[in-house]
Amino acid sequence: MKPKKEIKKVVFQSAEEMPTMPMSIGNMLWNKTGSWRNIRPEIRLEDCIQCGICWKFCPDMSIEIEAEWPVVNYDYCKGCGICAEECPAKCILMVEERK
């Protein structure tokens, strides 16, 4: 796995410093949102054709490519299922979350 870059957390000192409308500020690495999903993708690597489409379509950037293979980062995956739907090899299964 590649080492993560150092990330600065954006902190507002007052309400006046805050933006006037919703916008993405800082880095989503501070916002680990995977803990509330109820289904999760599992990739059958033996059926994967390494096309990268799951990585391309993931809205949360929770699929990383490591040694040319897709790997799901469950800290950020919300379980939306877009990767499984878009996969041409149908090697991504959405399974019930195990806690």
# chains A, B, ... in the order shown; residues from 1 in each chain; ligands from 1

$ residues_around --residues "Arg44 (chain A)" --least-positions-apart "2" --cutoff "6 Å" --atoms "only C-alpha atoms" --output "ChimeraX atom specification"
/A:46-47,91

$ write_last_selection --atoms "N, CA and C atoms" --output "CSV table (one decimal), in the first residue's frame"
chain,number,residue,atom,x,y,z
A,46,GLU,N,-10.3,-13.6,-8.5
A,46,GLU,CA,-10.1,-14.6,-9.5
A,46,GLU,C,-10.9,-14.4,-10.8
A,47,ASP,N,-12.0,-13.6,-10.7
A,47,ASP,CA,-12.8,-13.3,-11.8
A,47,ASP,C,-12.6,-11.9,-12.4
A,91,CYS,N,-17.7,-9.4,-11.0
A,91,CYS,CA,-16.9,-10.0,-9.9
A,91,CYS,C,-17.1,-9.4,-8.6

$ select_by_dssp --residues "chain A" --states "alpha helix (DSSP H)" --output "number ranges by chain"
A: 53-57, 82-86

$ closest_residue --among "A:Cys54, A:Ile92, A:Ile39, A:Ile65" --to "Lys78 (chain A)" --atoms "only C-alpha atoms"
A:Ile39

$ residues_around --residues "Arg40 (chain A)" --least-positions-apart "2" --cutoff "12 Å" --atoms "only C-alpha atoms" --output "PyMOL selection string"
chain A and resi 34-38+42-43+62-63+72-84+92-99

$ write_last_selection --atoms "C-alpha atoms" --output "CSV table (one decimal), in the first residue's frame"
chain,number,residue,atom,x,y,z
A,34,GLY,CA,-18.0,3.6,6.1
A,35,SER,CA,-19.2,2.7,9.6
A,36,TRP,CA,-22.9,3.1,8.8
A,37,ARG,CA,-23.3,0.9,5.7
A,38,ASN,CA,-25.4,-2.3,5.9
A,42,GLU,CA,-16.5,-8.0,-1.9
A,43,ILE,CA,-14.3,-8.5,-5.0
A,62,SER,CA,-12.9,4.0,-1.6
A,63,ILE,CA,-11.5,1.6,-4.2
A,72,VAL,CA,-11.9,-1.7,-1.2
A,73,ASN,CA,-11.0,0.7,1.6
A,74,TYR,CA,-13.9,0.0,4.0
A,75,ASP,CA,-13.2,3.1,6.1
A,76,TYR,CA,-14.8,5.1,3.4
A,77,CYS,CA,-17.1,2.8,1.4
A,78,LYS,CA,-20.7,3.5,2.0
A,79,GLY,CA,-22.0,0.4,0.3
A,80,CYS,CA,-23.8,2.1,-2.5
A,81,GLY,CA,-23.2,-0.8,-5.0
A,82,ILE,CA,-22.2,1.4,-8.0
A,83,CYS,CA,-19.0,-0.6,-8.3
A,84,ALA,CA,-20.9,-3.9,-8.5
A,92,ILE,CA,-18.1,-7.6,-7.2
A,93,LEU,CA,-20.8,-9.0,-4.9
A,94,MET,CA,-22.7,-6.9,-2.4
A,95,VAL,CA,-23.0,-8.8,0.8
A,96,GLU,CA,-24.5,-8.1,4.2
A,97,GLU,CA,-22.2,-6.3,6.5
A,98,ARG,CA,-20.5,-8.3,9.2
A,99,LYS,CA,-19.9,-6.6,12.5

$ select_by_dssp --residues "region 2-97 of chain A" --states "strand (DSSP E or B)" --output "number ranges by chain"
A: 39-43, 63-66, 69-72, 92-96

$ write_last_selection --atoms "N, CA and C atoms" --output "PDB file, in the first residue's frame"
ATOM      1  N   ILE A  39     -24.541  -2.996   3.696  1.00  0.00           N
ATOM      2  CA  ILE A  39     -24.013  -3.963   2.738  1.00  0.00           C
ATOM      3  C   ILE A  39     -22.662  -3.452   2.264  1.00  0.00           C
ATOM      4  N   ARG A  40     -21.823  -4.373   1.799  1.00  0.00           N
ATOM      5  CA  ARG A  40     -20.491  -3.978   1.371  1.00  0.00           C
ATOM      6  C   ARG A  40     -20.065  -4.774   0.149  1.00  0.00           C
ATOM      7  N   PRO A  41     -19.211  -4.201  -0.675  1.00  0.00           N
ATOM      8  CA  PRO A  41     -18.731  -4.932  -1.851  1.00  0.00           C
ATOM      9  C   PRO A  41     -17.585  -5.868  -1.487  1.00  0.00           C
ATOM     10  N   GLU A  42     -17.631  -7.040  -2.044  1.00  0.00           N
ATOM     11  CA  GLU A  42     -16.507  -7.973  -1.936  1.00  0.00           C
ATOM     12  C   GLU A  42     -16.107  -8.353  -3.347  1.00  0.00           C
ATOM     13  N   ILE A  43     -14.815  -8.228  -3.638  1.00  0.00           N
ATOM     14  CA  ILE A  43     -14.314  -8.464  -4.991  1.00  0.00           C
ATOM     15  C   ILE A  43     -13.736  -9.861  -5.094  1.00  0.00           C
ATOM     16  N   ILE A  63     -12.204   2.722  -3.584  1.00  0.00           N
ATOM     17  CA  ILE A  63     -11.532   1.607  -4.248  1.00  0.00           C
ATOM     18  C   ILE A  63     -10.162   2.093  -4.682  1.00  0.00           C
ATOM     19  N   GLU A  64      -9.152   1.393  -4.212  1.00  0.00           N
ATOM     20  CA  GLU A  64      -7.771   1.717  -4.543  1.00  0.00           C
ATOM     21  C   GLU A  64      -7.216   0.612  -5.417  1.00  0.00           C
ATOM     22  N   ILE A  65      -6.238   0.934  -6.232  1.00  0.00           N
ATOM     23  CA  ILE A  65      -5.576  -0.072  -7.065  1.00  0.00           C
ATOM     24  C   ILE A  65      -4.213  -0.345  -6.436  1.00  0.00           C
ATOM     25  N   GLU A  66      -4.013  -1.589  -6.033  1.00  0.00           N
ATOM     26  CA  GLU A  66      -2.748  -2.007  -5.424  1.00  0.00           C
ATOM     27  C   GLU A  66      -2.195  -3.185  -6.208  1.00  0.00           C
ATOM     28  N   TRP A  69      -4.506  -4.519  -8.814  1.00  0.00           N
ATOM     29  CA  TRP A  69      -5.763  -5.145  -8.403  1.00  0.00           C
ATOM     30  C   TRP A  69      -6.593  -4.161  -7.577  1.00  0.00           C
ATOM     31  N   PRO A  70      -7.915  -4.203  -7.728  1.00  0.00           N
ATOM     32  CA  PRO A  70      -8.770  -3.323  -6.927  1.00  0.00           C
ATOM     33  C   PRO A  70      -8.892  -3.829  -5.492  1.00  0.00           C
ATOM     34  N   VAL A  71      -8.833  -2.888  -4.554  1.00  0.00           N
ATOM     35  CA  VAL A  71      -8.981  -3.193  -3.137  1.00  0.00           C
ATOM     36  C   VAL A  71      -9.935  -2.156  -2.550  1.00  0.00           C
ATOM     37  N   VAL A  72     -10.936  -2.620  -1.800  1.00  0.00           N
ATOM     38  CA  VAL A  72     -11.904  -1.706  -1.201  1.00  0.00           C
ATOM     39  C   VAL A  72     -11.388  -1.223   0.149  1.00  0.00           C
ATOM     40  N   ILE A  92     -17.908  -8.316  -8.471  1.00  0.00           N
ATOM     41  CA  ILE A  92     -18.108  -7.630  -7.200  1.00  0.00           C
ATOM     42  C   ILE A  92     -19.496  -7.985  -6.681  1.00  0.00           C
ATOM     43  N   LEU A  93     -19.526  -8.600  -5.520  1.00  0.00           N
ATOM     44  CA  LEU A  93     -20.783  -8.995  -4.891  1.00  0.00           C
ATOM     45  C   LEU A  93     -21.074  -8.074  -3.723  1.00  0.00           C
ATOM     46  N   MET A  94     -22.320  -7.666  -3.581  1.00  0.00           N
ATOM     47  CA  MET A  94     -22.733  -6.876  -2.438  1.00  0.00           C
ATOM     48  C   MET A  94     -23.252  -7.859  -1.384  1.00  0.00           C
ATOM     49  N   VAL A  95     -22.606  -7.888  -0.233  1.00  0.00           N
ATOM     50  CA  VAL A  95     -22.954  -8.835   0.810  1.00  0.00           C
ATOM     51  C   VAL A  95     -23.328  -8.077   2.078  1.00  0.00           C
ATOM     52  N   GLU A  96     -24.106  -8.731   2.919  1.00  0.00           N
ATOM     53  CA  GLU A  96     -24.526  -8.102   4.173  1.00  0.00           C
ATOM     54  C   GLU A  96     -23.301  -7.827   5.048  1.00  0.00           C
TER      55      GLU A  96
END
